[in-house]
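K.L.:
What follows is a single structure, and I will ask about it in a moment.
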Amino acid sequence: MARIFAISDIHVDNLNNMYFVERLSFKKYQNDVLLLAGDVTHDLHKLKSTLLLLKKKFKEVVFVPGNHDIWIREVDSWETSIGKFHRIIRMCKNINVKTDPFEVTLLDNTTVWIVPLFSWYSTPEEDADDTLYIFDPSIKTPKRDLSNKMWMDHHYCVWPDDMTETPAKYFGDLNSDRCDVIYDAPVVTISHMVPRRELILADSDDNQKTSEEKRRRGLTTLIEGRQGAAKSFNFTRFAGSQTIENQLRQVGAAIHVYGHQHRNRDRCIEGVRYISHCLGSTGEQQKGLITGMDEWKGPKQILPSPSQ
């Protein structure tokens with residue numbers, strides 16, 4: 001019988017983040033399940049070693065690749081990001097890291113289904129109906145909007161020449177079979193990308209948590225309207241897709257775990273609890289933009305409720 005914990009965006013190429021993973025207890029989580037919502041590293045060898053390390057600490061590890069995981073950094077590589085994604089999935093199966101739906105019995109003797117959802121974002125140019133884009137009035141002209149130049153996926157993601165559909169549709173279609181199943185217990189879904197616009201924007205509770213984190217670090221508690229983002233960058237172009245929301249609703253998710261945005265959330269919307277618990281970058285941590293890590297000292301417990 002297990003507890004379920006969540007974390008994402010551990011970015012172990014950052015030495016401080018790797019140390020964070022290494023110092024997680026080998027005893028505390030031995031009967032538990034970790035939901036790892038993407039963005040570990042672009043380095044396949046390091047990805048494998050990190051997943052194996054986490055497997056020693058947790059009974060089960062569930063992983064959905066993020067955008068950083070399928071970057072192609074080798075100049076002479078002939079591989080595409082689609083090919084690398086499938087290589088990662090095969091690797092996960094070989095080392096017994098979960099990428100398919102499976103059932104978990106919790107400490108309170110109830111059961112839940114974990115349903116991984118592969119995902120990508122839709123830009124407004126690719127699919128105006130699927131995108132989570134929010135117009136930013138502070139970036140009024142194309143000259144001032146440097147989002148596409150600053151977004152590293154445009155430099156490191158390599159798509160097949162014969163790919164006719166958008167990445168968001170490609171990855172969404174991979175979930176078709178698992179979304180057609182009627183699950184016989186409550187469902188927890190997990191994706192890397194963001195499923196709803198509302199989750200991108202901070203609410204009053206999020207701002208309060210950020211103020212407390214800044215105060216804990218001895219920083220000014222003034223909350224920036226852009227949540228620390230560069231002035232010429234609009235993250236919502238690359239945040240997620242409506243497809244994720246449609247699919248988690250299709251399987252009847254009670255909880256959805258996601259990552260990608262490096263701003264942590266725990267919010268109920270229309271009957272679903274949405275949780276992001278991103279480790280993020282050292283710079284974001286030092287600026288007090290990553291909340292909850294000091295409280296949990298690691299992954300966040302989502303089930304059973306810690307109060308139980």
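Naming scheme: A, B, ... for chains in displayed order of the structure tokens; residues 1 onward per chain; ligands 1 onward as shown.
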Would you list, as a PyMOL selection string, the residues of stretch 82-172 of chain A that end up in strand (DSSP E or B) under DSSP run on this structure's backbone?
P.N.:
chain A and resi 98+102-106+111-116+131
K.L.:
Where does stretch 135-207 of chain A meet stretch 34-48 of chain A within 8 Å, residue by residue, with the nearest atom pair and distance in Å to one decimal for each, counting only C-alpha atoms, listed by chain and rising number, as CSV?
P.N.:
residue,atom,partner,partner_atom,distance
A:Ile190,CA,A:Ala37,CA,6.4
A:Ser191,CA,A:Ala37,CA,5.9
A:His192,CA,A:Ala37,CA,4.9
K.L.:
Might you pull out every residue within 6 Å of A:Ala2, with only C-alpha atoms counted and same-chain residues fewer than 2 positions away left off, and present them as a PyMOL selection string?
P.N.:
chain A and resi 31-32+106-107
K.L.:
Given only C-alpha atoms as the basis, pick out the residue of A:Asn264, A:Thr110, A:Gln208, A:Thr236 nearest to A:Ala185.
P.N.:
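Once distances to A:Ala185 are computed over only C-alpha atoms, the minimum belongs to A:Thr110.
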K.L.:
Residues at most 12 Å from A:Gly283, counting only C-alpha atoms, excluding those fewer than 2 positions away in the same chain, as a list in words?
P.N.:
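Residues meeting the cut-off are Asn14, Asn16, Asn17, Gly228, Ala229, His262, Leu279, Gly280, Ser281, Gln285, Gln286, Lys287, Gly288, Leu289 and Ile290 of chain A.
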K.L.:
If you run DSSP on this backbone, which residues of stretch 77-213 of chain A come out as alpha helix (DSSP H), and could you give them as a compact mmCIF listing (two decimals) with N, CA and C atoms, in the first residue's frame?
P.N.:
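Output saved as states.txt:
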# COMPACT_ATOMS: atom_id res chain seq x y z
N SER A 81 13.13 14.58 -32.68
CA SER A 81 12.56 14.61 -31.33
C SER A 81 11.48 13.54 -31.16
N ILE A 82 10.77 13.21 -32.24
CA ILE A 82 9.79 12.12 -32.18
C ILE A 82 10.51 10.79 -31.96
N GLY A 83 11.58 10.57 -32.70
CA GLY A 83 12.34 9.35 -32.52
C GLY A 83 12.92 9.24 -31.12
N LYS A 84 13.40 10.35 -30.59
CA LYS A 84 13.97 10.34 -29.25
C LYS A 84 12.89 10.06 -28.21
N PHE A 85 11.70 10.64 -28.40
CA PHE A 85 10.60 10.37 -27.48
C PHE A 85 10.34 8.87 -27.39
N HIS A 86 10.23 8.20 -28.52
CA HIS A 86 9.93 6.77 -28.50
C HIS A 86 11.10 5.96 -27.94
N ARG A 87 12.31 6.45 -28.14
CA ARG A 87 13.47 5.78 -27.53
C ARG A 87 13.39 5.89 -26.00
N ILE A 88 12.96 7.04 -25.50
CA ILE A 88 12.80 7.22 -24.05
C ILE A 88 11.72 6.28 -23.51
N ILE A 89 10.61 6.15 -24.23
CA ILE A 89 9.54 5.26 -23.77
C ILE A 89 10.03 3.82 -23.72
N ARG A 90 10.78 3.39 -24.73
CA ARG A 90 11.33 2.02 -24.72
C ARG A 90 12.30 1.85 -23.56
N MET A 91 13.13 2.84 -23.32
CA MET A 91 14.07 2.77 -22.20
C MET A 91 13.32 2.63 -20.89
N CYS A 92 12.26 3.42 -20.72
CA CYS A 92 11.47 3.35 -19.48
C CYS A 92 10.91 1.95 -19.27
N LYS A 93 10.41 1.34 -20.33
CA LYS A 93 9.87 -0.02 -20.21
C LYS A 93 10.97 -0.99 -19.80
N ASN A 94 12.16 -0.81 -20.34
CA ASN A 94 13.27 -1.72 -20.04
C ASN A 94 13.73 -1.62 -18.59
N SER A 147 9.43 36.22 -28.05
CA SER A 147 9.13 34.89 -27.52
C SER A 147 9.70 33.78 -28.40
N ASN A 148 9.48 33.87 -29.71
CA ASN A 148 9.93 32.79 -30.59
C ASN A 148 11.45 32.68 -30.63
N LYS A 149 12.14 33.82 -30.58
CA LYS A 149 13.60 33.78 -30.57
C LYS A 149 14.14 33.24 -29.26
N MET A 150 13.46 33.55 -28.16
CA MET A 150 13.94 33.16 -26.84
C MET A 150 13.59 31.72 -26.49
N ASP A 153 13.03 25.54 -27.58
CA ASP A 153 12.51 24.42 -28.39
C ASP A 153 12.67 24.69 -29.88
N HIS A 154 12.62 25.96 -30.26
CA HIS A 154 12.78 26.30 -31.68
C HIS A 154 14.20 26.02 -32.16
N HIS A 155 15.12 25.92 -31.24
CA HIS A 155 16.51 25.66 -31.59
C HIS A 155 16.89 24.18 -31.42
N TYR A 156 16.23 23.49 -30.49
CA TYR A 156 16.67 22.14 -30.11
C TYR A 156 15.67 21.03 -30.40
N PRO A 167 2.78 18.93 -33.35
CA PRO A 167 3.24 18.09 -32.25
C PRO A 167 2.16 17.84 -31.20
N ALA A 168 1.35 18.86 -30.91
CA ALA A 168 0.29 18.68 -29.91
C ALA A 168 -0.69 17.59 -30.34
N LYS A 169 -1.04 17.56 -31.61
CA LYS A 169 -1.95 16.53 -32.10
C LYS A 169 -1.26 15.17 -32.12
N TYR A 170 0.00 15.14 -32.51
CA TYR A 170 0.72 13.87 -32.55
C TYR A 170 0.75 13.22 -31.18
N PHE A 171 1.19 13.97 -30.18
CA PHE A 171 1.30 13.39 -28.84
C PHE A 171 -0.08 13.12 -28.24
N GLY A 172 -1.04 13.99 -28.51
CA GLY A 172 -2.39 13.75 -28.02
C GLY A 172 -2.98 12.46 -28.57
N ASP A 173 -2.72 12.18 -29.86
CA ASP A 173 -3.24 10.96 -30.48
C ASP A 173 -2.65 9.70 -29.86
N SER A 176 -4.98 8.01 -27.30
CA SER A 176 -6.35 7.64 -27.69
C SER A 176 -6.83 6.37 -27.01
N ASP A 177 -6.02 5.32 -27.04
CA ASP A 177 -6.46 4.04 -26.49
C ASP A 177 -6.70 4.13 -24.99
N ARG A 178 -5.79 4.77 -24.26
CA ARG A 178 -5.95 4.85 -22.81
C ARG A 178 -7.09 5.78 -22.41
N CYS A 179 -7.43 6.70 -23.29
CA CYS A 179 -8.55 7.60 -23.00
C CYS A 179 -9.90 6.96 -23.30
N ARG A 197 -5.77 27.48 -19.22
CA ARG A 197 -5.27 28.85 -19.14
C ARG A 197 -5.23 29.36 -17.70
N GLU A 198 -6.29 29.06 -16.93
CA GLU A 198 -6.38 29.61 -15.58
C GLU A 198 -5.17 29.26 -14.72
N LEU A 199 -4.56 28.11 -15.02
CA LEU A 199 -3.44 27.65 -14.20
C LEU A 199 -2.16 28.42 -14.48
N ILE A 200 -2.09 29.06 -15.63
CA ILE A 200 -0.90 29.84 -15.95
C ILE A 200 -0.83 31.07 -15.06
N SER A 204 -4.76 34.74 -5.87
CA SER A 204 -4.35 35.37 -4.61
C SER A 204 -3.61 34.40 -3.70
N ASP A 205 -4.03 33.13 -3.70
CA ASP A 205 -3.33 32.13 -2.88
C ASP A 205 -1.91 31.90 -3.37
N ASP A 206 -1.74 31.84 -4.70
CA ASP A 206 -0.40 31.67 -5.27
C ASP A 206 0.49 32.85 -4.90
N ASN A 207 -0.05 34.06 -5.01
CA ASN A 207 0.73 35.25 -4.67
C ASN A 207 1.10 35.27 -3.19
N GLN A 208 0.19 34.80 -2.35
CA GLN A 208 0.48 34.74 -0.92
C GLN A 208 1.62 33.76 -0.64
N LYS A 209 1.59 32.61 -1.29
CA LYS A 209 2.66 31.62 -1.10
C LYS A 209 3.99 32.17 -1.61
N THR A 210 3.96 32.89 -2.72
CA THR A 210 5.20 33.47 -3.25
C THR A 210 5.73 34.54 -2.30
N SER A 211 4.85 35.36 -1.74
CA SER A 211 5.28 36.36 -0.76
C SER A 211 5.93 35.70 0.44
N GLU A 212 5.34 34.60 0.91
CA GLU A 212 5.90 33.89 2.07
C GLU A 212 7.26 33.30 1.74
N GLU A 213 7.41 32.77 0.52
CA GLU A 213 8.69 32.19 0.12
C GLU A 213 9.75 33.29 0.01
K.L.:
Would you list the contacts of A:Phe58 as a short mmCIF file (atom, residue, chain, number, x, y, z; two decimals) with C-alpha atoms, in the first residue's frame, taking every protein, DNA or RNA residue within 10 Å and counting only C-alpha atoms, but skipping same-chain residues closer than 6 positions in sequence?
P.N.:
data_model
loop_
_atom_site.label_atom_id
_atom_site.label_comp_id
_atom_site.auth_asym_id
_atom_site.auth_seq_id
_atom_site.Cartn_x
_atom_site.Cartn_y
_atom_site.Cartn_z
CA ALA A 2 1.38 3.33 -1.09
CA ILE A 4 1.55 9.04 -4.21
CA PHE A 5 4.00 11.92 -4.59
CA SER A 25 15.82 9.59 1.36
CA PHE A 26 16.37 5.96 0.38
CA LYS A 27 14.03 4.87 3.20
CA LYS A 28 11.18 7.38 3.38
CA TYR A 29 9.51 6.49 0.05
CA GLN A 30 10.21 2.76 -0.30
CA ASN A 31 6.53 1.80 -0.58
CA ASP A 32 5.47 4.88 -2.55
CA VAL A 33 4.78 6.01 -6.11
CA LEU A 34 6.45 9.05 -7.70
CA LEU A 52 17.24 4.40 -11.93
#
K.L.:
Give me the residues within 7 Å of A:Tyr274 as a CSV table (one decimal) with C-alpha atoms, in the first residue's frame, counting only C-alpha atoms and dropping any in the same chain fewer than 5 places off.
P.N.:
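Writing the result to around35.csv gives the following:
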chain,number,residue,atom,x,y,z
A,255,ILE,CA,-6.5,14.8,-9.9
A,256,HIS,CA,-4.2,16.0,-12.6
A,257,VAL,CA,-0.5,16.5,-12.1
A,266,ASP,CA,-2.7,23.4,-6.2
A,267,ARG,CA,-6.1,24.4,-7.3
A,268,CYS,CA,-9.6,22.8,-7.8
K.L.:
Please provide the set of residues having any atom within 9 Å of A:Tyr133, restricted to only C-alpha atoms, with same-chain residues fewer than 5 positions apart removed, written as number ranges by chain.
P.N.:
A: 122-124, 128, 197, 234-240
K.L.:
Just checking: using only C-alpha atoms, which residue out of A:Met293, A:Ile70, A:Leu54, A:Leu174 ends up closest to A:Asn96?
P.N.:
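Of A:Met293, A:Ile70, A:Leu54, A:Leu174, the one nearest A:Asn96 is A:Leu54, counting only C-alpha atoms.
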K.L.:
Distance atom CA of A:Thr189-atom CA of A:Gly66, one decimal place?
P.N.:
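A separation of 15.0 Å between them.
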K.L.:
Which is closer to A:Asp130 than all the others in A:Asn246, A:Asn67, A:Thr50, A:Thr105, using only C-alpha atoms?
P.N.:
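Closest to A:Asp130 of all the choices is A:Asn246.
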K.L.:
Find, counting only C-alpha atoms, the residue in A:Arg196, A:Arg273, A:Arg249, A:Lys214 that gets nearest to A:Gln261.
P.N.:
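That would be A:Arg196, the residue with the smallest distance to A:Gln261.
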